[in-house]
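Q: Next comes input.txt, compact mmCIF, C-alpha atoms:
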```txt
# COMPACT_ATOMS: atom_id res chain seq x y z
CA GLY A 909 45.23 57.75 -61.24
CA GLY A 910 43.73 55.66 -58.46
CA ALA A 911 40.03 55.39 -57.64
CA ASN A 912 38.63 56.27 -54.22
CA ILE A 913 36.38 53.58 -52.78
CA GLY A 914 34.18 54.54 -49.85
CA LEU A 915 32.10 52.38 -47.50
CA GLY A 916 28.45 52.95 -47.05
CA THR A 917 26.85 50.87 -44.30
CA ALA A 918 29.75 48.96 -42.86
CA THR A 919 27.93 46.79 -40.33
CA ALA A 920 24.57 45.05 -40.03
CA LEU A 921 22.92 43.84 -36.87
CA GLY A 922 20.71 40.82 -36.76
CA THR A 923 18.78 39.42 -33.80
CA ILE A 924 18.25 35.76 -33.03
CA ASN A 925 15.03 35.46 -31.08
CA ASN A 926 15.02 32.82 -28.38
CA ASP A 927 11.94 30.74 -29.09
CA ASP A 928 12.74 28.09 -26.53
CA THR A 929 9.83 27.93 -24.09
CA THR A 930 9.28 26.40 -20.71
CA THR A 931 6.06 24.49 -20.09
CA PHE A 932 4.55 24.09 -16.63
CA THR A 933 2.00 21.41 -15.76
CA ILE A 934 0.39 20.17 -12.57
CA ALA A 935 -0.88 16.69 -11.66
CA VAL A 936 -2.15 14.93 -8.54
CA SER A 937 -1.63 11.39 -7.26
CA PRO A 938 -3.50 9.39 -6.14
CA ALA A 939 -6.82 10.59 -7.55
CA SER A 940 -8.52 10.24 -4.16
CA VAL A 941 -7.85 9.48 -0.50
CA GLY A 942 -10.14 8.67 2.41
CA GLU A 943 -10.76 11.35 5.01
CA GLU A 944 -9.54 9.06 7.79
CA SER A 945 -6.98 7.12 5.74
CA GLY A 946 -3.94 9.04 6.96
CA SER A 947 -2.83 9.37 3.32
CA ALA A 948 -2.26 12.59 1.40
CA LEU A 949 -2.90 13.88 -2.11
CA THR A 950 0.46 14.78 -3.69
CA TYR A 951 0.44 17.57 -6.28
CA THR A 952 3.45 17.78 -8.60
CA ILE A 953 4.32 20.89 -10.61
CA THR A 954 6.54 19.89 -13.54
CA ARG A 955 8.70 22.12 -15.72
CA SER A 956 9.73 20.87 -19.16
CA GLY A 957 11.32 22.35 -22.28
CA ASP A 958 14.01 24.98 -21.70
CA THR A 959 14.97 24.17 -18.12
CA GLN A 960 18.64 25.16 -18.48
CA SER A 961 18.04 28.86 -18.92
CA GLY A 962 19.71 31.01 -16.30
CA LEU A 963 16.39 32.67 -15.53
CA THR A 964 14.52 31.86 -12.36
CA GLN A 965 10.87 31.11 -13.05
CA THR A 966 8.04 31.20 -10.54
CA VAL A 967 4.60 29.61 -10.61
CA SER A 968 1.76 29.53 -8.12
CA ALA A 969 -0.97 26.99 -7.41
CA THR A 970 -4.18 28.23 -5.81
CA LEU A 971 -6.40 25.78 -3.95
CA GLY A 972 -10.18 26.10 -3.87
CA GLY A 973 -12.44 28.80 -5.21
CA CYS A 974 -15.11 26.51 -6.67
CA ALA A 975 -18.45 25.33 -5.33
CA GLY A 976 -18.21 22.05 -3.45
CA GLU A 977 -14.50 22.47 -2.79
CA ALA A 978 -12.86 21.25 0.39
CA THR A 979 -11.99 24.06 2.83
CA LEU A 980 -8.46 24.70 4.03
CA ALA A 981 -7.91 23.92 7.75
CA THR A 982 -11.46 22.56 8.12
CA ASP A 983 -11.10 19.74 5.57
CA TYR A 984 -7.38 19.57 4.80
CA ALA A 985 -3.89 20.85 5.62
CA LEU A 986 -1.29 22.07 3.12
CA ALA A 987 2.40 21.16 3.40
CA THR A 988 5.57 20.81 1.33
CA ALA A 989 8.92 19.10 1.69
CA ASP A 990 10.51 21.32 -0.99
CA GLY A 991 11.12 24.42 1.12
CA PRO A 992 12.45 27.06 0.96
CA SER A 993 11.86 27.13 -2.80
CA VAL A 994 8.20 26.26 -2.21
CA THR A 995 6.24 28.48 0.15
CA ILE A 996 2.64 28.39 1.35
CA ALA A 997 0.53 31.44 2.18
CA THR A 998 -3.02 30.46 3.16
CA ASN A 999 -4.33 28.58 0.10
CA VAL A 1000 -1.63 29.68 -2.37
CA VAL A 1001 1.48 27.58 -3.01
CA THR A 1002 4.36 29.42 -4.71
CA ALA A 1003 7.18 27.43 -6.34
CA VAL A 1004 10.46 28.98 -7.52
CA PHE A 1005 12.38 27.02 -10.18
CA ALA A 1006 16.10 27.67 -10.50
CA GLN A 1007 18.20 26.61 -13.48
CA GLY A 1008 17.90 22.87 -14.14
CA GLU A 1009 15.05 22.24 -11.68
CA THR A 1010 12.15 20.32 -13.16
CA SER A 1011 9.63 19.53 -10.41
CA LYS A 1012 8.21 20.73 -7.10
CA THR A 1013 5.62 19.07 -4.87
CA PHE A 1014 3.13 19.88 -2.14
CA THR A 1015 0.58 17.78 -0.29
CA VAL A 1016 -3.04 18.01 0.78
CA THR A 1017 -3.71 15.93 3.90
CA PRO A 1018 -7.37 15.41 4.90
CA VAL A 1019 -8.58 16.49 8.33
CA SER A 1020 -10.93 14.00 9.98
CA ASP A 1021 -13.88 16.01 11.31
CA GLY A 1022 -16.50 13.33 11.97
CA THR A 1023 -19.06 15.23 9.91
CA VAL A 1024 -21.11 13.65 7.14
CA GLU A 1025 -20.58 16.06 4.25
CA GLY A 1026 -20.07 13.96 1.14
CA ASN A 1027 -16.96 13.70 -1.02
CA GLU A 1028 -15.10 16.97 -1.60
CA THR A 1029 -12.51 18.02 -4.17
CA ALA A 1030 -9.25 19.90 -3.69
CA THR A 1031 -8.57 21.68 -6.97
CA ALA A 1032 -5.22 23.38 -7.64
CA THR A 1033 -5.05 25.99 -10.42
CA LEU A 1034 -1.62 26.85 -11.78
CA ALA A 1035 -0.48 30.35 -12.82
CA ILE A 1036 2.83 31.81 -14.02
CA VAL A 1037 4.12 34.58 -11.77
CA ASP A 1038 6.06 37.64 -12.90
CA ASP A 1039 8.86 37.48 -10.35
CA GLY A 1040 10.34 40.77 -11.53
CA LEU A 1041 13.67 39.29 -12.59
CA ALA A 1042 13.16 39.55 -16.33
CA VAL A 1043 10.32 39.96 -18.77
CA SER A 1044 11.42 36.83 -20.63
CA ALA A 1045 11.02 34.79 -17.46
CA VAL A 1046 7.30 35.20 -17.99
CA ALA A 1047 7.23 35.52 -21.78
CA GLY A 1048 9.20 32.29 -22.18
CA ALA A 1049 6.86 30.22 -20.02
CA VAL A 1050 3.55 28.63 -20.97
CA LEU A 1051 1.00 26.49 -19.18
CA GLY A 1052 0.26 22.94 -20.20
CA THR A 1053 -2.20 21.15 -17.93
CA GLY A 1054 -2.97 23.95 -15.52
CA VAL A 1055 -5.56 22.33 -13.23
CA ALA A 1056 -5.43 19.22 -11.04
CA SER A 1057 -8.23 17.94 -8.78
CA GLY A 1058 -8.00 15.34 -6.05
CA THR A 1059 -10.93 13.95 -4.08
CA ILE A 1060 -11.26 13.61 -0.32
CA VAL A 1061 -13.62 10.70 0.19
CA ASP A 1062 -16.02 11.18 3.10
CA ASP A 1063 -15.97 8.07 5.27
CA ASP A 1064 -18.15 9.43 8.05
CA ASN A 1065 -21.36 7.94 6.65
CA PRO A 1066 -22.84 5.13 8.77
CA ILE A 1067 -22.32 1.60 7.51
CA TYR A 1068 -25.40 -0.65 7.44
CA SER A 1069 -25.29 -4.41 7.79
CA ILE A 1070 -27.74 -7.30 8.16
CA ALA A 1071 -27.41 -10.60 10.02
CA ALA A 1072 -29.65 -13.65 10.65
CA ASP A 1073 -29.93 -15.28 14.08
CA GLN A 1074 -30.17 -18.75 12.51
CA VAL A 1075 -28.69 -20.29 9.39
CA THR A 1076 -31.38 -22.97 8.90
CA ILE A 1077 -34.82 -23.80 10.34
CA GLY A 1078 -37.24 -26.68 9.82
CA GLU A 1079 -40.13 -26.29 7.39
CA ALA A 1080 -42.57 -27.43 10.05
CA GLY A 1081 -41.98 -24.35 12.14
CA GLY A 1082 -39.52 -21.80 13.43
CA THR A 1083 -38.53 -18.24 12.79
CA VAL A 1084 -35.45 -16.58 11.43
CA THR A 1085 -34.90 -13.07 12.73
CA PHE A 1086 -32.94 -10.66 10.56
CA THR A 1087 -31.39 -7.68 12.30
CA VAL A 1088 -30.36 -4.56 10.39
CA SER A 1089 -27.84 -2.40 12.20
CA ARG A 1090 -25.57 0.59 11.58
CA ASP A 1091 -22.22 1.36 13.15
CA ARG A 1092 -22.96 4.99 14.03
CA ASP A 1093 -25.68 7.59 14.17
CA ASP A 1094 -26.48 9.63 11.08
CA PRO A 1095 -26.34 13.35 11.89
CA LEU A 1096 -28.48 14.06 8.83
CA GLY A 1097 -31.44 12.34 10.53
CA ASN A 1098 -33.44 9.21 9.80
CA ALA A 1099 -32.45 6.96 6.92
CA ASP A 1100 -34.63 4.54 4.93
CA VAL A 1101 -33.20 1.07 4.41
CA THR A 1102 -34.65 -1.46 1.95
CA VAL A 1103 -34.20 -5.21 2.51
CA GLN A 1104 -34.78 -7.44 -0.50
CA LEU A 1105 -35.45 -11.15 0.00
CA SER A 1106 -34.32 -13.56 -2.69
CA GLY A 1107 -33.63 -17.23 -3.22
CA ALA A 1108 -35.55 -20.38 -4.18
CA ALA A 1109 -38.14 -20.04 -1.40
CA VAL A 1110 -41.33 -18.24 -2.51
CA LEU A 1111 -42.94 -15.53 -0.39
CA ASN A 1112 -46.31 -16.61 1.11
CA ALA A 1113 -45.96 -20.10 -0.41
CA ASP A 1114 -42.86 -21.12 1.56
CA TYR A 1115 -42.59 -18.34 4.16
CA THR A 1116 -44.21 -15.20 5.47
CA VAL A 1117 -42.65 -11.94 6.56
CA ALA A 1118 -43.41 -9.96 9.67
CA GLY A 1119 -41.64 -6.90 10.97
CA GLY A 1120 -41.68 -3.18 11.46
CA THR A 1121 -40.45 -0.22 9.50
CA LEU A 1122 -36.69 0.11 9.05
```
Would you mind writing the file's structure down as structure tokens?

A:
Amino acid sequence: GGANIGLGTATALGTINNDDTTTFTIAVSPASVGEESGSALTYTITRSGDTQSGLTQTVSATLGGCAGEATLATDYALATADGPSVTIATNVVTAVFAQGETSKTFTVTPVSDGTVEGNETATATLAIVDDGLAVSAVAGAVLGTGVASGTIVDDDNPIYSIAADQVTIGEAGGTVTFTVSRDRDDPLGNADVTVQLSGAAVLNADYTVAGGTL
């Protein structure tokens, strides 16, 4: 007679884990701009790796938060030409990347305030945002270079210069008057300036110096 053949486990399920990741980095160019230059620091957020996934991924860049940092509105203004996918709320820039998108930019433009305050940095710190669309939108994203710092160069400091009223004088007599001047007042108060004389002529043997305190 015939034999009965029965099936045990008829199917097996295997899972292929998607290990393709998306890497986000941030960079700034140029490295510095003058406060009164009219130029801006451009920050670029770049997405690399799996950029063709159908998932929307969101990152944020936060400006400031460190000692010595430039202050929003007082020292610089934030802007972007990539709206509406890039939004700005106070000092936080949020960038939404759709399928295939690889970069977003925003700018830091210095505000000229006429105050001597030294050079200041504008540091942007990148973070991956859970946009609520899917867990893998966060799990599949990693940070590369997550911090970028640009420098706003303070050009409000006074500039000092020196000039002579004569180019040459006779050895038998005459005086050359050197005048030290600055182009603006220094709000920090008095400043000490040192003038160093050099050349072939020897002090006290070939000439003498008279003058007040600079």

Q: Give me, as a PyMOL selection string, all polymer residues having an atom no more than 7 Å from A:Arg955, counting all atoms listed in the file and skipping those fewer than 6 positions away in the same chain.

A: chain A and resi 930-933+1010-1011

Q: Skip A:Leu980 itself and residues of its chain fewer than 4 positions away, then list as a PyMOL selection string all residues within 7 Å of it, counting all atoms listed in the file.

A: chain A and resi 984-985+999

Q: What's the separation between atom CA of A:Thr982 and atom CA of A:Asp1021, in Å to one decimal place?

A: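 Going from atom CA of A:Thr982 over to atom CA of A:Asp1021, I get 7.7 Å.
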
Q: Using all atoms listed in the file, find the one residue out of A:Ala1099, A:Ala987, A:Ala1113, A:Ala948 that sits nearest to A:Glu1079.

A: A:Ala1113

Q: Please list as a ChimeraX atom specification every residue within 8 Å of stretch 1056-1065 of chain A, counting all atoms listed in the file and excluding residues in the same chain fewer than 2 positions away.

A: /A:934-944,949,951,978,1018,1022-1033,1053-1054,1067,1094

Q: Could you work out how far atom CA of A:Ile996 lies from atom CA of A:Glu1009, giving the answer in Å with one decimal?

A: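 That distance, rounded to one decimal, is 19.0 Å.
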
Q: Between A:Ser1069, A:Thr998, A:Thr919, A:Ser947, which residue has the minimum interatomic distance to A:Ala969, considering only C-alpha atoms?

A: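 Between A:Ser1069, A:Thr998, A:Thr919, A:Ser947, the residue approaching A:Ala969 most closely is A:Thr998.
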
Q: Using only C-alpha atoms, which of A:Val1103, A:Val1037, A:Val1019, A:Ile1077 sits nearest A:Ser1089?

A: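 Between A:Val1103, A:Val1037, A:Val1019, A:Ile1077, the residue approaching A:Ser1089 most closely is A:Val1103.
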
Q: Which value, in Å to one decimal, gives the distance between atom CA of A:Ser945 and atom CA of A:Ser1020?

A: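 It comes out at 9.0 Å.
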
Q: Which residue gives the smallest distance to A:Val1084 among A:Val1117, A:Ser968, A:Ile953, A:Ser1106, with only C-alpha atoms counted?

A: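 The closest residue to A:Val1084 is A:Val1117.
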
Q: Let me have the centre and edge lengths in Å, one decimal, of the box along x, y and z around every listed atom of stretch 949-957 of chain A with 6 Å of margin on each side, as lines of an AutoDock Vina configuration file.

A:
```
center_x = 4.2
center_y = 18.1
center_z = -12.2
size_x = 26.2
size_y = 20.5
size_z = 32.2
```

Q: Out of A:Asp1073, A:Leu986, A:Val1055, A:Thr950, which residue has the shortest atom-to-atom distance to A:Lys1012 when counting only C-alpha atoms?

A: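 So, comparing all the options, the nearest one is A:Thr950.
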
Q: So, counting all atoms listed in the file, which residue among A:Thr929, A:Val1050, A:Ala1080, A:Val1088 is closest to A:Asp1114?

A: A:Ala1080
